[in-house]
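J.: Quick one: the structure is below, questions incoming.
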Amino acid sequence: MSKIIIVDDSVTMRQQVKRALEPGQFEIVEAVDGQDGLDKVKADKDIDVMILDINMPRMNGIELAEALHAEGRIAAGLKIVMLTTEGHADLIQRAKTAGAKGWIVKPFKPEMLLAAVQKMAA
Ligand SMILES: [Mg+2]
C-alpha cells in the first residue's frame, strides 16, 4: 500500500485532500508546514508520494522540495505533486527543477488529484 504525505498549513485543505484520496485506500500522514514535512519524510522511508502546498510558515513548499532533492530523496523515488494557489512560471520551474512531477491549482477537482496520485503511487 502506498503511503502519502499531505503537507499543508490549512487543516481544511488537508481534510479536503484526505477526502479526495479516500477511494485510493492509501496510508495517509499529514504535516502542518514545510519543516514538519521535512522532519516526517526524513524519518519515514516508506512515504512514496507528497502532496505539497507552497505558502506555509517556517518552510515553504518550494524550499521543502529543494531540500528533499538535495538529500537525494527525489532520486530515491519520492514523487511530489504541488497543490497550490500559485501559478507563477518561475515557481513552477523551481519546483520542476527540484523534481516535482505534478502541479494542481486550488481549488482542485477531487478526481483530478486522486488520478494524479494514483498514477504516481503505481
Ligand atoms: Mg498554505
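Naming scheme: A, B, ... for chains in displayed order of the C-alpha cells; residues 1 onward per chain; ligands 1 onward as shown.
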Extract, using only C-alpha atoms, all DNA, RNA and protein residues at most 9 Å from Ile80 in chain A, discarding same-chain residues fewer than 2 positions from it, and format them as a ChimeraX atom specification.

T.: /A:48-52,65,74,78,82,99-103,120

J.: Do you know which residues are within 12 Å of ligand 1 using only C-alpha atoms and all ligand atoms? Can you write them as a PyMOL selection string?

T.: chain A and resi 6-14+31-34+51-62+82-86+106

J.: Considering only C-alpha atoms, return as a PyMOL selection string whatever protein or nucleic-acid residues lie within 12 Å of Lys109 in chain A, sequence-local ones (same chain, fewer than 2 positions apart) excluded.

T.: chain A and resi 16-17+19-21+83+104-107+111-116

J.: Just to be explicit: take each residue in the selection above, keep C-alpha atoms, and write the result as a tab-separated table (two decimals), in the first residue's frame.

T.:
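Below you can see result.tsv, which holds the result:
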chain	number	residue	atom	x	y	z
A	16	GLN	CA	-10.30	18.02	1.59
A	17	VAL	CA	-7.25	16.23	0.25
A	19	ARG	CA	-11.40	13.01	1.41
A	20	ALA	CA	-10.33	13.16	-2.24
A	21	LEU	CA	-7.84	10.33	-1.70
A	83	LEU	CA	-1.12	21.71	-4.76
A	104	ILE	CA	-2.54	21.18	-9.39
A	105	VAL	CA	-4.13	24.56	-8.71
A	106	LYS	CA	-6.54	25.18	-5.79
A	107	PRO	CA	-9.48	24.91	-5.71
A	111	GLU	CA	-10.97	13.21	-9.05
A	112	MET	CA	-8.07	15.04	-10.70
A	113	LEU	CA	-5.97	14.91	-7.56
A	114	LEU	CA	-6.85	11.25	-6.99
A	115	ALA	CA	-5.90	10.36	-10.57
A	116	ALA	CA	-2.56	12.19	-10.31

J.: When you count only C-alpha atoms, which of these residues is closest to Leu91 in chain A: A:His69, A:Gln118, A:Glu63, A:Pro23?

T.: A:Glu63

J.: Give me every strand (DSSP E) residue in range 18-95 of chain A, going by DSSP on the backbone, as a list in words.

T.: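 Here are the strand (DSSP E) residues of range 18-95 of chain A: Glu27, Ile28, Val29, Glu30, Ala31, Ile47, Asp48, Val49, Met50, Ile51, Leu52, Lys79, Ile80, Val81, Met82, Leu83 and Thr84 of chain A.
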
J.: Residues of chain A in helix (DSSP H, G or I) according to DSSP, as a PDB file with C-alpha atoms, in the first residue's frame?

T.:
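Generated output (selection_25.pdb):
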ATOM      1  CA  VAL A  11      -6.373  21.966   8.261  1.00  0.00           C
ATOM      2  CA  THR A  12      -9.408  22.431   5.990  1.00  0.00           C
ATOM      3  CA  MET A  13      -7.285  21.791   2.919  1.00  0.00           C
ATOM      4  CA  ARG A  14      -5.709  18.698   4.481  1.00  0.00           C
ATOM      5  CA  GLN A  15      -9.204  17.352   5.192  1.00  0.00           C
ATOM      6  CA  GLN A  16     -10.303  18.024   1.591  1.00  0.00           C
ATOM      7  CA  VAL A  17      -7.251  16.231   0.247  1.00  0.00           C
ATOM      8  CA  LYS A  18      -7.797  13.259   2.570  1.00  0.00           C
ATOM      9  CA  ARG A  19     -11.401  13.008   1.408  1.00  0.00           C
ATOM     10  CA  ALA A  20     -10.329  13.156  -2.242  1.00  0.00           C
ATOM     11  CA  LEU A  21      -7.843  10.330  -1.695  1.00  0.00           C
ATOM     12  CA  GLU A  22     -10.241   8.070   0.220  1.00  0.00           C
ATOM     13  CA  PRO A  23     -11.136   5.857  -2.779  1.00  0.00           C
ATOM     14  CA  GLY A  24      -7.436   5.132  -3.269  1.00  0.00           C
ATOM     15  CA  GLY A  34       7.311  22.579   5.383  1.00  0.00           C
ATOM     16  CA  GLN A  35       9.616  21.925   8.331  1.00  0.00           C
ATOM     17  CA  ASP A  36       7.201  19.357   9.764  1.00  0.00           C
ATOM     18  CA  GLY A  37       7.015  17.750   6.317  1.00  0.00           C
ATOM     19  CA  LEU A  38      10.807  17.585   6.040  1.00  0.00           C
ATOM     20  CA  ASP A  39      11.132  16.019   9.503  1.00  0.00           C
ATOM     21  CA  LYS A  40       8.428  13.432   8.803  1.00  0.00           C
ATOM     22  CA  VAL A  41       9.755  12.420   5.379  1.00  0.00           C
ATOM     23  CA  LYS A  42      13.310  12.120   6.697  1.00  0.00           C
ATOM     24  CA  ALA A  43      12.052   9.869   9.488  1.00  0.00           C
ATOM     25  CA  GLY A  61       6.816  24.086  -0.316  1.00  0.00           C
ATOM     26  CA  ILE A  62       9.462  25.090  -2.852  1.00  0.00           C
ATOM     27  CA  GLU A  63      12.133  25.120  -0.140  1.00  0.00           C
ATOM     28  CA  LEU A  64      10.940  21.717   1.062  1.00  0.00           C
ATOM     29  CA  ALA A  65      11.089  20.236  -2.459  1.00  0.00           C
ATOM     30  CA  GLU A  66      14.596  21.647  -2.900  1.00  0.00           C
ATOM     31  CA  ALA A  67      15.723  20.262   0.471  1.00  0.00           C
ATOM     32  CA  LEU A  68      14.427  16.779  -0.393  1.00  0.00           C
ATOM     33  CA  HIS A  69      16.084  16.985  -3.808  1.00  0.00           C
ATOM     34  CA  ALA A  70      19.390  17.932  -2.162  1.00  0.00           C
ATOM     35  CA  ALA A  89       6.166  30.389 -14.096  1.00  0.00           C
ATOM     36  CA  ASP A  90       9.323  30.858 -12.035  1.00  0.00           C
ATOM     37  CA  LEU A  91       7.845  28.934  -9.107  1.00  0.00           C
ATOM     38  CA  ILE A  92       6.710  26.139 -11.415  1.00  0.00           C
ATOM     39  CA  GLN A  93      10.198  25.995 -12.885  1.00  0.00           C
ATOM     40  CA  ARG A  94      11.834  25.860  -9.453  1.00  0.00           C
ATOM     41  CA  ALA A  95       9.503  23.063  -8.367  1.00  0.00           C
ATOM     42  CA  LYS A  96      10.203  21.101 -11.566  1.00  0.00           C
ATOM     43  CA  THR A  97      13.936  21.556 -11.148  1.00  0.00           C
ATOM     44  CA  PRO A 110     -11.021  15.706  -6.171  1.00  0.00           C
ATOM     45  CA  GLU A 111     -10.965  13.212  -9.047  1.00  0.00           C
ATOM     46  CA  MET A 112      -8.070  15.045 -10.705  1.00  0.00           C
ATOM     47  CA  LEU A 113      -5.971  14.906  -7.560  1.00  0.00           C
ATOM     48  CA  LEU A 114      -6.851  11.250  -6.989  1.00  0.00           C
ATOM     49  CA  ALA A 115      -5.898  10.362 -10.574  1.00  0.00           C
ATOM     50  CA  ALA A 116      -2.565  12.188 -10.306  1.00  0.00           C
ATOM     51  CA  VAL A 117      -1.683  10.464  -7.043  1.00  0.00           C
ATOM     52  CA  GLN A 118      -2.789   7.021  -8.280  1.00  0.00           C
ATOM     53  CA  LYS A 119      -0.551   7.417 -11.325  1.00  0.00           C
ATOM     54  CA  MET A 120       2.447   8.282  -9.167  1.00  0.00           C
ATOM     55  CA  ALA A 121       1.785   5.680  -6.492  1.00  0.00           C
TER      56      ALA A 121
END

J.: Which value, in Å to one decimal, gives the distance between CA of Ala98 in chain A and CA of Gln25 in chain A?

T.: 27.8 Å

J.: May I ask for the distance between CA of Lys3 in chain A and CA of Gly77 in chain A, given in Å to one decimal place?

T.: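 Result for CA of Lys3 in chain A versus CA of Gly77 in chain A: 12.4 Å, one decimal.
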
J.: How many Å lie between CA of Gly72 in chain A and CA of Ile28 in chain A, rounded to one decimal?

T.: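 Between these atoms lies a distance of 22.2 Å.
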
J.: For Phe26 in chain A, work out the shell of residues within 7 Å, counting only C-alpha atoms and skipping chain neighbours fewer than 4 positions away, then give it as a PyMOL selection string.

T.: chain A and resi 1-4

J.: What would the file look like if the residues just selected were written as an mmCIF file, in the first residue's frame with C-alpha atoms?

T.:
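So the final result, stored in again-v2.cif, reads:
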data_model
loop_
_atom_site.group_PDB
_atom_site.id
_atom_site.type_symbol
_atom_site.label_atom_id
_atom_site.label_comp_id
_atom_site.auth_asym_id
_atom_site.auth_seq_id
_atom_site.Cartn_x
_atom_site.Cartn_y
_atom_site.Cartn_z
ATOM 1 C CA MET A 1 0.000 0.000 0.000
ATOM 2 C CA SER A 2 1.343 3.401 -0.927
ATOM 3 C CA LYS A 3 1.978 5.942 1.774
ATOM 4 C CA ILE A 4 1.073 9.546 1.068
#
